[in-house]
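Trainee: File follows, structure.txt with compact mmCIF, C-alpha atoms:
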```txt
# COMPACT_ATOMS: atom_id res chain seq x y z
CA ASN A 1 108.73 90.39 90.45
CA THR A 2 112.21 89.39 91.64
CA LEU A 3 111.99 91.88 94.50
CA ILE A 4 108.65 90.43 95.53
CA ALA A 5 109.78 86.81 95.26
CA ASP A 6 112.96 87.51 97.22
CA SER A 7 111.05 89.39 99.93
CA ARG A 8 108.57 86.52 100.19
CA ALA A 9 111.43 84.02 100.51
CA THR A 10 113.02 86.04 103.31
CA LEU A 11 109.66 86.27 105.07
CA ASP A 12 109.34 82.48 104.67
CA GLU A 13 112.46 82.17 106.83
CA LEU A 14 110.82 84.33 109.49
CA LEU A 15 107.65 82.25 109.23
CA THR A 16 109.67 79.04 109.68
CA LEU A 17 111.12 80.43 112.90
CA ILE A 18 107.70 81.54 114.15
CA ASN A 19 106.19 78.12 113.43
CA GLY A 20 109.19 76.14 114.66
CA GLU A 21 108.07 73.37 117.00
CA HIS A 22 111.49 73.40 118.70
CA ILE A 23 111.11 77.02 119.79
CA ARG A 24 109.95 77.42 123.35
CA LEU A 25 107.35 80.11 124.05
CA GLY A 26 109.71 82.22 126.17
CA LEU A 27 112.27 82.42 123.37
CA PHE A 28 109.53 83.40 120.96
CA GLN A 29 108.19 86.14 123.23
CA GLU A 30 111.62 87.49 124.14
CA THR A 31 113.36 87.25 120.78
CA ILE A 32 111.46 86.20 117.69
CA GLY A 33 108.16 87.95 118.42
CA PRO A 34 109.53 91.46 119.03
CA HIS A 35 111.76 91.31 115.95
CA ALA A 36 108.94 89.87 113.83
CA ARG A 37 106.61 92.65 114.96
CA HIS A 38 109.16 95.31 114.12
CA VAL A 39 109.79 93.91 110.63
CA LEU A 40 106.10 93.38 109.84
CA ASP A 41 105.17 96.86 111.09
CA HIS A 42 107.57 98.31 108.51
CA TYR A 43 106.02 96.28 105.68
CA ASP A 44 102.52 97.32 106.80
CA GLU A 45 103.55 100.96 106.80
CA LEU A 46 104.82 100.65 103.24
CA PHE A 47 101.50 99.14 102.13
CA GLU A 48 99.56 101.94 103.84
CA GLY A 49 101.83 104.59 102.35
CA LEU A 50 101.38 103.29 98.82
CA ALA A 51 97.79 104.56 98.89
CA THR A 52 98.91 108.13 99.54
CA GLY A 53 102.41 108.10 98.07
CA SER A 54 103.86 108.89 101.49
CA VAL A 55 105.40 106.32 103.82
CA ASP A 56 106.03 107.26 107.45
CA TYR A 57 108.00 104.51 109.16
CA ASP A 58 107.67 106.36 112.48
CA ALA A 59 103.87 105.94 112.36
CA ARG A 60 103.98 102.14 112.66
CA ALA A 61 101.13 100.48 114.56
CA ARG A 62 103.45 98.46 116.82
CA ASP A 63 100.86 95.74 117.50
CA THR A 64 102.34 93.85 120.45
CA ARG A 65 100.06 90.82 119.90
CA THR A 66 102.66 89.77 117.33
CA GLU A 67 105.24 89.55 120.11
CA GLN A 68 103.12 87.28 122.30
CA ASP A 69 101.02 85.10 119.99
CA ARG A 70 102.77 82.84 117.49
CA SER A 71 99.64 82.16 115.44
CA PHE A 72 98.92 85.88 115.17
CA ALA A 73 102.52 86.53 114.12
CA ALA A 74 102.31 83.77 111.49
CA HIS A 75 99.04 85.24 110.22
CA ARG A 76 100.68 88.66 109.86
CA VAL A 77 103.59 87.21 107.88
CA ARG A 78 101.20 85.47 105.48
CA LYS A 79 99.19 88.69 105.13
CA VAL A 80 102.32 90.66 104.27
CA GLN A 81 103.25 88.00 101.71
CA MET A 82 99.80 88.29 100.12
CA ASN A 83 100.11 92.08 100.04
CA LEU A 84 103.48 91.71 98.33
CA GLU A 85 101.90 89.52 95.65
CA GLN A 86 99.32 92.24 94.99
CA LEU A 87 102.19 94.61 94.17
CA SER A 88 103.35 92.46 91.26
CA GLY A 89 101.65 94.74 88.71
CA GLN A 90 103.01 97.93 90.24
CA ALA A 91 106.17 99.49 88.82
CA ALA A 92 109.27 99.36 91.00
CA THR A 93 109.87 102.96 89.91
CA THR A 94 106.67 104.16 91.62
CA GLU A 95 107.80 107.27 93.47
CA LEU A 96 107.26 107.56 97.21
CA ARG A 97 107.98 110.15 99.87
CA VAL A 98 109.53 108.42 102.86
CA ARG A 99 109.69 109.85 106.35
CA CYS A 100 111.75 108.33 109.15
CA SER A 101 113.54 109.54 112.27
CA THR A 102 117.30 109.28 112.29
CA SER A 103 117.76 110.73 115.79
CA PRO A 104 115.49 111.13 118.81
CA ASP A 105 116.70 114.72 119.08
CA THR A 106 115.77 116.00 115.63
CA ASP A 107 112.75 116.03 113.36
CA ALA A 108 112.21 113.08 111.06
CA VAL A 109 113.93 113.16 107.69
CA GLU A 110 111.81 113.06 104.55
CA CYS A 111 113.21 111.98 101.21
CA THR A 112 112.19 110.72 97.81
CA SER A 113 112.35 106.99 97.19
CA SER A 114 110.72 104.36 95.05
CA LEU A 115 108.71 101.22 95.66
CA GLY A 116 111.63 99.11 94.45
CA ARG A 117 114.10 100.83 96.77
CA GLU A 118 111.77 100.42 99.73
CA LEU A 119 111.30 96.71 98.94
CA VAL A 120 115.09 96.32 98.88
CA PHE A 121 115.31 98.15 102.22
CA LEU A 122 112.58 96.04 103.81
CA GLN A 123 114.13 92.76 102.71
CA SER A 124 117.55 93.85 103.98
CA HIS A 125 115.93 95.02 107.22
CA CYS A 126 114.24 91.63 107.64
CA ILE A 127 117.53 89.79 106.98
CA HIS A 128 119.24 91.97 109.61
CA HIS A 129 116.59 91.04 112.18
CA LEU A 130 116.86 87.37 111.21
CA ALA A 131 120.59 87.64 111.99
CA VAL A 132 119.84 89.08 115.44
CA ILE A 133 117.24 86.37 116.09
CA ALA A 134 119.64 83.67 114.89
CA GLY A 135 122.39 84.89 117.19
CA MET A 136 120.13 84.83 120.21
CA ALA A 137 118.60 81.48 119.25
CA ARG A 138 122.02 79.89 118.77
CA ALA A 139 123.11 81.29 122.14
CA ASN A 140 120.10 79.42 123.57
CA GLY A 141 121.29 76.15 122.05
CA MET A 142 119.18 76.10 118.89
CA GLU A 143 120.61 74.72 115.69
CA LEU A 144 119.69 76.79 112.66
CA HIS A 145 120.84 76.63 109.06
CA ALA A 146 124.13 78.43 108.52
CA ASP A 147 122.80 81.01 106.05
CA LEU A 148 119.99 82.32 108.28
CA GLY A 149 120.41 86.07 108.61
CA LYS A 150 123.18 86.36 106.04
CA ALA A 151 122.95 88.93 103.27
CA PRO A 152 122.37 87.46 99.80
CA ALA A 153 125.65 88.97 98.58
CA THR A 154 127.52 87.28 101.44
CA ILE A 155 125.97 83.90 100.62
CA ALA A 156 126.82 84.32 96.93
CA GLN A 157 130.39 85.34 97.75
CA GLU A 158 130.87 82.39 100.08
CA ARG A 159 129.58 80.03 97.38
CA SER A 160 132.00 81.46 94.81
CA VAL A 161 135.09 81.14 96.95
CA SER A 162 136.63 77.75 97.46
CA TYR A 163 137.88 77.53 100.98
CA THR A 164 140.98 75.43 101.48
CA HIS A 165 142.40 74.13 104.68
CA LEU A 166 145.41 76.02 105.84
CA THR A 167 148.45 73.90 106.38
CA LEU A 168 151.07 75.04 108.77
CA PRO A 169 154.70 74.16 108.45
CA THR A 170 155.57 71.43 110.95
CA SER A 171 157.98 73.78 112.70
CA ASP A 172 154.98 75.92 113.75
CA LEU A 173 153.35 72.97 115.49
CA VAL A 174 156.08 72.51 118.10
```
When written as structure tokens, how does the structure in this file appear?
Mentor:
Amino acid sequence: NTLIADSRATLDELLTLINGEHIRLGLFQETIGPHARHVLDHYDELFEGLATGSVDYDARARDTRTEQDRSFAAHRVRKVQMNLEQLSGQAATTELRVRCSTSPDTDAVECTSSLGRELVFLQSHCIHHLAVIAGMARANGMELHADLGKAPATIAQERSVSYTHLTLPTSDLV
């Protein structure tokens, strides 16, 4: 349940960006939409693969409406969140075969994984794309909260460390 709750919370951050009134349509279509589509396609592929026990991340639908239509993108996020909730009774140890390309020049790699491991991957993947979105949005003058796109371990580490101001000897100021 922690994996599901944490994934939902990360997707809430994506949903906040999608629904943000301060985001102009061009920025959505050029930045947020394509990254949202990519992330959501991966979640959808996991849900499809759970039925067969085999997940093929290369077989994603790649529905480009998500890149162009904010309301459609928001709908997809909410649908993924609902699908995550439906997994709450399923064991994280549920075994899966996962297939994914690691190079355009070789066949896709297939390996054994678990539902829990794939949920960890998908949340981390979403956080990574939130970091890319945040960088581009900040470069376009948007103000976003400081933790957007940071890994949970980084946020926890930053909270545990007390940062002090460095003081330089006066001789270094001359």
Trainee: Residues within 10 Å of A:Leu46, please, as a list in words. Count all atoms listed in the file; anything in the same chain fewer than 3 positions from it doesn't count.
Mentor: Leu40, Asp41, His42, Tyr43, Gly49, Leu50, Ala51, Gly53, Ser54, Val55, Asp56, Tyr57, Arg60, Leu96, Val98, Leu115, Glu118, Leu119 and Leu122 of chain A
Trainee: Just the selected residues (C-alpha atoms), exported as a PDB file, in the frame of the given file, please.
Mentor:
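So the final result, stored in selection-v3.pdb, reads:
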```
ATOM      1  CA  LEU A  40     106.100  93.380 109.840  1.00  0.00           C
ATOM      2  CA  ASP A  41     105.170  96.860 111.090  1.00  0.00           C
ATOM      3  CA  HIS A  42     107.570  98.310 108.510  1.00  0.00           C
ATOM      4  CA  TYR A  43     106.020  96.280 105.680  1.00  0.00           C
ATOM      5  CA  GLY A  49     101.830 104.590 102.350  1.00  0.00           C
ATOM      6  CA  LEU A  50     101.380 103.290  98.820  1.00  0.00           C
ATOM      7  CA  ALA A  51      97.790 104.560  98.890  1.00  0.00           C
ATOM      8  CA  GLY A  53     102.410 108.100  98.070  1.00  0.00           C
ATOM      9  CA  SER A  54     103.860 108.890 101.490  1.00  0.00           C
ATOM     10  CA  VAL A  55     105.400 106.320 103.820  1.00  0.00           C
ATOM     11  CA  ASP A  56     106.030 107.260 107.450  1.00  0.00           C
ATOM     12  CA  TYR A  57     108.000 104.510 109.160  1.00  0.00           C
ATOM     13  CA  ARG A  60     103.980 102.140 112.660  1.00  0.00           C
ATOM     14  CA  LEU A  96     107.260 107.560  97.210  1.00  0.00           C
ATOM     15  CA  VAL A  98     109.530 108.420 102.860  1.00  0.00           C
ATOM     16  CA  LEU A 115     108.710 101.220  95.660  1.00  0.00           C
ATOM     17  CA  GLU A 118     111.770 100.420  99.730  1.00  0.00           C
ATOM     18  CA  LEU A 119     111.300  96.710  98.940  1.00  0.00           C
ATOM     19  CA  LEU A 122     112.580  96.040 103.810  1.00  0.00           C
TER      20      LEU A 122
END
```
Trainee: If you measure from atom CA of A:Thr93 to atom CA of A:Gly116, what distance in Å do you get, rounded to one decimal?
Mentor: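 Separation of atom CA of A:Thr93 and atom CA of A:Gly116: 6.2 Å.
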Trainee: Take atom CA of A:Thr102 and atom CA of A:Arg8 and report the distance between them in Å, one decimal.
Mentor: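 Between these atoms lies a distance of 27.2 Å.
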Trainee: Find the residue from A:Ser7, A:Thr16, A:Thr31, A:Thr2 that sits nearest to A:Met136; use all atoms listed in the file when measuring.
Mentor: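 For A:Met136, the nearest of the candidates is A:Thr31.
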Trainee: If you take every atom of stretch 2-21 of chain A that the file lists and fit an axis-aligned box around them with 3 Å extra on each side, what centre and edge lengths come out in Å to one decimal, as lines of an AutoDock Vina configuration file?
Mentor:
```
center_x = 109.6
center_y = 82.6
center_z = 104.3
size_x = 12.8
size_y = 24.5
size_z = 31.4
```
Trainee: Using only C-alpha atoms, which residue out of A:Asp105, A:Glu21, A:Glu13, A:Glu48 lies closest to A:Asn83?
Mentor: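 Residue with the minimum atom-to-atom distance to A:Asn83: A:Glu48.
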Trainee: Measuring atom to atom with all atoms listed in the file, identify which of A:Val120, A:His38, A:Glu85, A:Gln90 is nearest to A:Ala61.
Mentor: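 Of A:Val120, A:His38, A:Glu85, A:Gln90, the one nearest A:Ala61, counting all atoms listed in the file, is A:His38.
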Trainee: Can you tell me, as a list in words, what residues are no more than 8 Å from A:Leu14 when counting only C-alpha atoms, ignoring any on the same chain fewer than 2 positions away?
Mentor: Thr10, Leu11, Asp12, Thr16, Leu17, Ile18, Ala36, Val77 and Leu130 of chain A
Trainee: For the atom pair atom CA of A:Pro152 and atom CA of A:Ile127, what is the interatomic distance in Å to one decimal place?
Mentor: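 So the two atoms, atom CA of A:Pro152 and atom CA of A:Ile127, lie 9.0 Å apart.
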Trainee: Nearest to A:Thr66 among A:Glu143, A:Glu30, A:Glu158, A:Glu45, with distances taken over all atoms listed in the file: which residue is it?
Mentor: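 That would be A:Glu30, the residue with the smallest distance to A:Thr66.
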Trainee: Using only C-alpha atoms for the distances, tell me which of A:Leu15, A:Val109, A:Ala151, A:Ile32 is nearest to A:Gln123.
Mentor: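 Of all the options, A:Ala151 lies closest to A:Gln123.
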Trainee: Counting only C-alpha atoms, which residue out of A:Ser124, A:Thr94, A:Ala131, A:Val161 sits closest to A:Leu144?
Mentor: A:Ala131
Trainee: Do you know which residues are at most 10 Å from A:Asp69 counting all atoms listed in the file, after dropping those on the same chain fewer than 6 positions away, and could you put them as a PDB file with C-alpha atoms, in the frame of the given file?
Mentor:
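Written out: out_31.pdb:
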```pdb
ATOM      1  CA  ILE A  18     107.700  81.540 114.150  1.00  0.00           C
ATOM      2  CA  LEU A  25     107.350  80.110 124.050  1.00  0.00           C
ATOM      3  CA  PHE A  28     109.530  83.400 120.960  1.00  0.00           C
ATOM      4  CA  GLN A  29     108.190  86.140 123.230  1.00  0.00           C
ATOM      5  CA  GLY A  33     108.160  87.950 118.420  1.00  0.00           C
ATOM      6  CA  HIS A  75      99.040  85.240 110.220  1.00  0.00           C
TER       7      HIS A  75
END
```
